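Below is one structure, written out as structure tokens; the observations come after it.
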Amino acid sequence: MAKINLQDFYPFYQYDCFVDVPDEVAEALLEFDRQENAYQRRLYRNKAQHSLDRGDGIEHGILFVSLSPWEIYERKVTYEQLYSAIAALPEKQAKRIYAYYFLQMSYAAIANVEGVSEASVREAINRGIKNIEKFMQGLS
């Protein structure tokens, strides 16, 4: 029989709690602890800490599905139509839509840069979107 401290193996124990366990159990717990420490060292040394929500595109490379030539052409035509629609907007609406959707600025940030109220930026973007919808429907 071996005596182990449960606080070493279970983090929710706040105080020392010694128990007698069979030698096989004690050896298994120690072996698990050694393997876990070795795994953590390998992660640290190889800088292999990756998270799917990290935003560096690791998962995008795995999930990328190649597009057919028709899909590529269709996407190109749609982008050209979208850029034409944005170019047809009044200058303020076009700048605000570009800042909001392409530069991913918030309404407050755009309003702060332009020195206007947030409500006017929101209204201009909404009007611009409606104008883009009308322009795109006219192309169909």
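Each chain in the structure tokens gets a letter, A, B and so on, in the order shown; residues start at 1 in every chain, and ligands are counted from 1 in the order they appear.
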Report task. Name the residues in contact with range 12-21 of chain A at a cut-off of 8 Å, using only C-alpha atoms, excluding same-chain residues fewer than 4 positions from it; report them as a ChimeraX atom specification. Result -> /A:1-7,25-26
Original post:
If you run DSSP on this backbone, which residues of chain A come out as strand (DSSP E or B), and could you give them as a list in words?
Top reply: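 Of chain A, only Ala2, Lys3, Ile4, Asn5, Phe18, Val19, Asp20 and Val21 of chain A fall in strand (DSSP E or B).
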Selection: 9 Å around Ala88 in chain A, only C-alpha atoms, excl. self and same-chain fewer than 6 positions, as a PDB file with N, CA and C atoms, in the first residue's frame:
ATOM      1  N   ALA A  94     -20.935  55.913 -49.717  1.00  0.00           N
ATOM      2  CA  ALA A  94     -19.939  54.948 -50.165  1.00  0.00           C
ATOM      3  C   ALA A  94     -18.796  54.827 -49.160  1.00  0.00           C
ATOM      4  N   ASN A 131     -30.035  51.554 -51.483  1.00  0.00           N
ATOM      5  CA  ASN A 131     -29.670  52.001 -52.833  1.00  0.00           C
ATOM      6  C   ASN A 131     -28.912  50.915 -53.593  1.00  0.00           C
ATOM      7  N   ILE A 132     -28.058  50.184 -52.892  1.00  0.00           N
ATOM      8  CA  ILE A 132     -27.328  49.081 -53.530  1.00  0.00           C
ATOM      9  C   ILE A 132     -28.298  47.994 -53.969  1.00  0.00           C
ATOM     10  N   PHE A 135     -29.990  49.125 -57.076  1.00  0.00           N
ATOM     11  CA  PHE A 135     -29.058  49.065 -58.208  1.00  0.00           C
ATOM     12  C   PHE A 135     -28.873  47.631 -58.693  1.00  0.00           C
TER      13      PHE A 135
END
Find the residues near range 116-118 of chain A: any atom within 6 Å, counting only C-alpha atoms, skip ones fewer than 4 places away on the same chain, and give them as a ChimeraX atom specification.
-> /A:107-108,111
Residue neighbourhood Leu30 in chain A, 10 Å, only C-alpha atoms, exclusion window fewer than 6 positions, as a VMD selection string: chain A and resid 4 9 24 36
Please run DSSP on the backbone and report, as a PDB file with C-alpha atoms, in the first residue's frame, all residues within range 16-131 of chain A that come out as helix (DSSP H, G or I).
ATOM      1  CA  ASP A  23       0.738   0.192  -5.303  1.00  0.00           C
ATOM      2  CA  GLU A  24      -0.674  -0.318  -8.816  1.00  0.00           C
ATOM      3  CA  VAL A  25      -3.011   2.677  -8.467  1.00  0.00           C
ATOM      4  CA  ALA A  26      -0.240   4.872  -7.081  1.00  0.00           C
ATOM      5  CA  GLU A  27       2.057   3.866  -9.965  1.00  0.00           C
ATOM      6  CA  ALA A  28      -0.706   4.538 -12.532  1.00  0.00           C
ATOM      7  CA  LEU A  29      -1.340   8.006 -11.091  1.00  0.00           C
ATOM      8  CA  LEU A  30       2.362   8.840 -11.123  1.00  0.00           C
ATOM      9  CA  GLU A  31       2.733   7.546 -14.688  1.00  0.00           C
ATOM     10  CA  PHE A  32      -0.211   9.670 -15.814  1.00  0.00           C
ATOM     11  CA  ASP A  33       1.345  12.710 -14.143  1.00  0.00           C
ATOM     12  CA  ARG A  34       4.672  12.068 -15.909  1.00  0.00           C
ATOM     13  CA  GLN A  35       2.969  11.680 -19.298  1.00  0.00           C
ATOM     14  CA  GLU A  36       0.945  14.853 -18.811  1.00  0.00           C
ATOM     15  CA  ASN A  37       4.064  16.826 -17.882  1.00  0.00           C
ATOM     16  CA  ALA A  38       5.925  15.438 -20.903  1.00  0.00           C
ATOM     17  CA  TYR A  39       3.025  16.416 -23.163  1.00  0.00           C
ATOM     18  CA  GLN A  40       2.986  19.958 -21.784  1.00  0.00           C
ATOM     19  CA  ARG A  41       6.765  20.245 -22.327  1.00  0.00           C
ATOM     20  CA  ARG A  42       6.387  19.076 -25.965  1.00  0.00           C
ATOM     21  CA  LEU A  43       3.664  21.653 -26.571  1.00  0.00           C
ATOM     22  CA  TYR A  44       5.820  24.400 -25.090  1.00  0.00           C
ATOM     23  CA  ARG A  45       9.022  23.437 -26.916  1.00  0.00           C
ATOM     24  CA  ASN A  46       7.345  22.988 -30.299  1.00  0.00           C
ATOM     25  CA  ILE A  58      -5.000  27.525 -39.724  1.00  0.00           C
ATOM     26  CA  GLU A  59      -8.444  25.981 -39.924  1.00  0.00           C
ATOM     27  CA  HIS A  60      -9.257  27.883 -43.133  1.00  0.00           C
ATOM     28  CA  GLY A  61      -6.512  26.024 -45.003  1.00  0.00           C
ATOM     29  CA  ILE A  62      -7.952  22.711 -43.918  1.00  0.00           C
ATOM     30  CA  LEU A  63     -11.557  23.545 -44.726  1.00  0.00           C
ATOM     31  CA  PRO A  69     -14.275  27.859 -62.941  1.00  0.00           C
ATOM     32  CA  TRP A  70     -17.979  28.713 -63.205  1.00  0.00           C
ATOM     33  CA  GLU A  71     -18.145  29.624 -59.505  1.00  0.00           C
ATOM     34  CA  ILE A  72     -15.018  31.762 -59.828  1.00  0.00           C
ATOM     35  CA  TYR A  73     -16.509  33.616 -62.805  1.00  0.00           C
ATOM     36  CA  GLU A  74     -19.845  34.058 -61.038  1.00  0.00           C
ATOM     37  CA  ARG A  75     -18.121  35.443 -57.948  1.00  0.00           C
ATOM     38  CA  LYS A  76     -16.054  37.854 -60.061  1.00  0.00           C
ATOM     39  CA  VAL A  77     -19.145  39.178 -61.854  1.00  0.00           C
ATOM     40  CA  THR A  78     -20.963  39.625 -58.538  1.00  0.00           C
ATOM     41  CA  TYR A  79     -18.024  41.542 -57.053  1.00  0.00           C
ATOM     42  CA  GLU A  80     -17.856  43.783 -60.109  1.00  0.00           C
ATOM     43  CA  GLN A  81     -21.574  44.508 -59.815  1.00  0.00           C
ATOM     44  CA  LEU A  82     -21.206  45.232 -56.103  1.00  0.00           C
ATOM     45  CA  TYR A  83     -18.303  47.622 -56.681  1.00  0.00           C
ATOM     46  CA  SER A  84     -20.277  49.339 -59.451  1.00  0.00           C
ATOM     47  CA  ALA A  85     -23.228  49.740 -57.095  1.00  0.00           C
ATOM     48  CA  ILE A  86     -21.012  51.210 -54.367  1.00  0.00           C
ATOM     49  CA  ALA A  87     -19.396  53.562 -56.898  1.00  0.00           C
ATOM     50  CA  GLU A  91     -19.634  59.844 -51.719  1.00  0.00           C
ATOM     51  CA  LYS A  92     -20.554  59.925 -48.000  1.00  0.00           C
ATOM     52  CA  GLN A  93     -22.647  56.750 -48.214  1.00  0.00           C
ATOM     53  CA  ALA A  94     -19.939  54.948 -50.165  1.00  0.00           C
ATOM     54  CA  LYS A  95     -17.219  55.925 -47.669  1.00  0.00           C
ATOM     55  CA  ARG A  96     -19.337  54.937 -44.697  1.00  0.00           C
ATOM     56  CA  ILE A  97     -20.331  51.588 -46.213  1.00  0.00           C
ATOM     57  CA  TYR A  98     -16.697  50.887 -47.105  1.00  0.00           C
ATOM     58  CA  ALA A  99     -15.556  51.750 -43.590  1.00  0.00           C
ATOM     59  CA  TYR A 100     -18.286  49.679 -41.932  1.00  0.00           C
ATOM     60  CA  TYR A 101     -18.219  46.530 -44.075  1.00  0.00           C
ATOM     61  CA  PHE A 102     -14.713  46.412 -45.534  1.00  0.00           C
ATOM     62  CA  TYR A 107     -20.789  53.056 -36.202  1.00  0.00           C
ATOM     63  CA  ALA A 108     -19.295  54.937 -33.255  1.00  0.00           C
ATOM     64  CA  ALA A 109     -15.783  54.857 -34.727  1.00  0.00           C
ATOM     65  CA  ILE A 110     -16.981  56.168 -38.103  1.00  0.00           C
ATOM     66  CA  ALA A 111     -19.007  58.901 -36.382  1.00  0.00           C
ATOM     67  CA  ASN A 112     -15.998  59.853 -34.277  1.00  0.00           C
ATOM     68  CA  VAL A 113     -13.712  60.111 -37.319  1.00  0.00           C
ATOM     69  CA  GLU A 114     -16.214  62.185 -39.303  1.00  0.00           C
ATOM     70  CA  GLU A 118     -23.729  57.833 -34.668  1.00  0.00           C
ATOM     71  CA  ALA A 119     -27.383  57.932 -35.741  1.00  0.00           C
ATOM     72  CA  SER A 120     -26.524  59.805 -38.933  1.00  0.00           C
ATOM     73  CA  VAL A 121     -23.851  57.234 -39.802  1.00  0.00           C
ATOM     74  CA  ARG A 122     -26.271  54.368 -39.169  1.00  0.00           C
ATOM     75  CA  GLU A 123     -28.966  56.038 -41.277  1.00  0.00           C
ATOM     76  CA  ALA A 124     -26.554  56.750 -44.144  1.00  0.00           C
ATOM     77  CA  ILE A 125     -25.377  53.136 -44.195  1.00  0.00           C
ATOM     78  CA  ASN A 126     -28.960  51.839 -44.179  1.00  0.00           C
ATOM     79  CA  ARG A 127     -29.911  54.180 -47.037  1.00  0.00           C
ATOM     80  CA  GLY A 128     -26.790  53.108 -48.917  1.00  0.00           C
ATOM     81  CA  ILE A 129     -27.694  49.429 -48.552  1.00  0.00           C
ATOM     82  CA  LYS A 130     -31.185  50.113 -49.883  1.00  0.00           C
ATOM     83  CA  ASN A 131     -29.670  52.001 -52.833  1.00  0.00           C
TER      84      ASN A 131
END
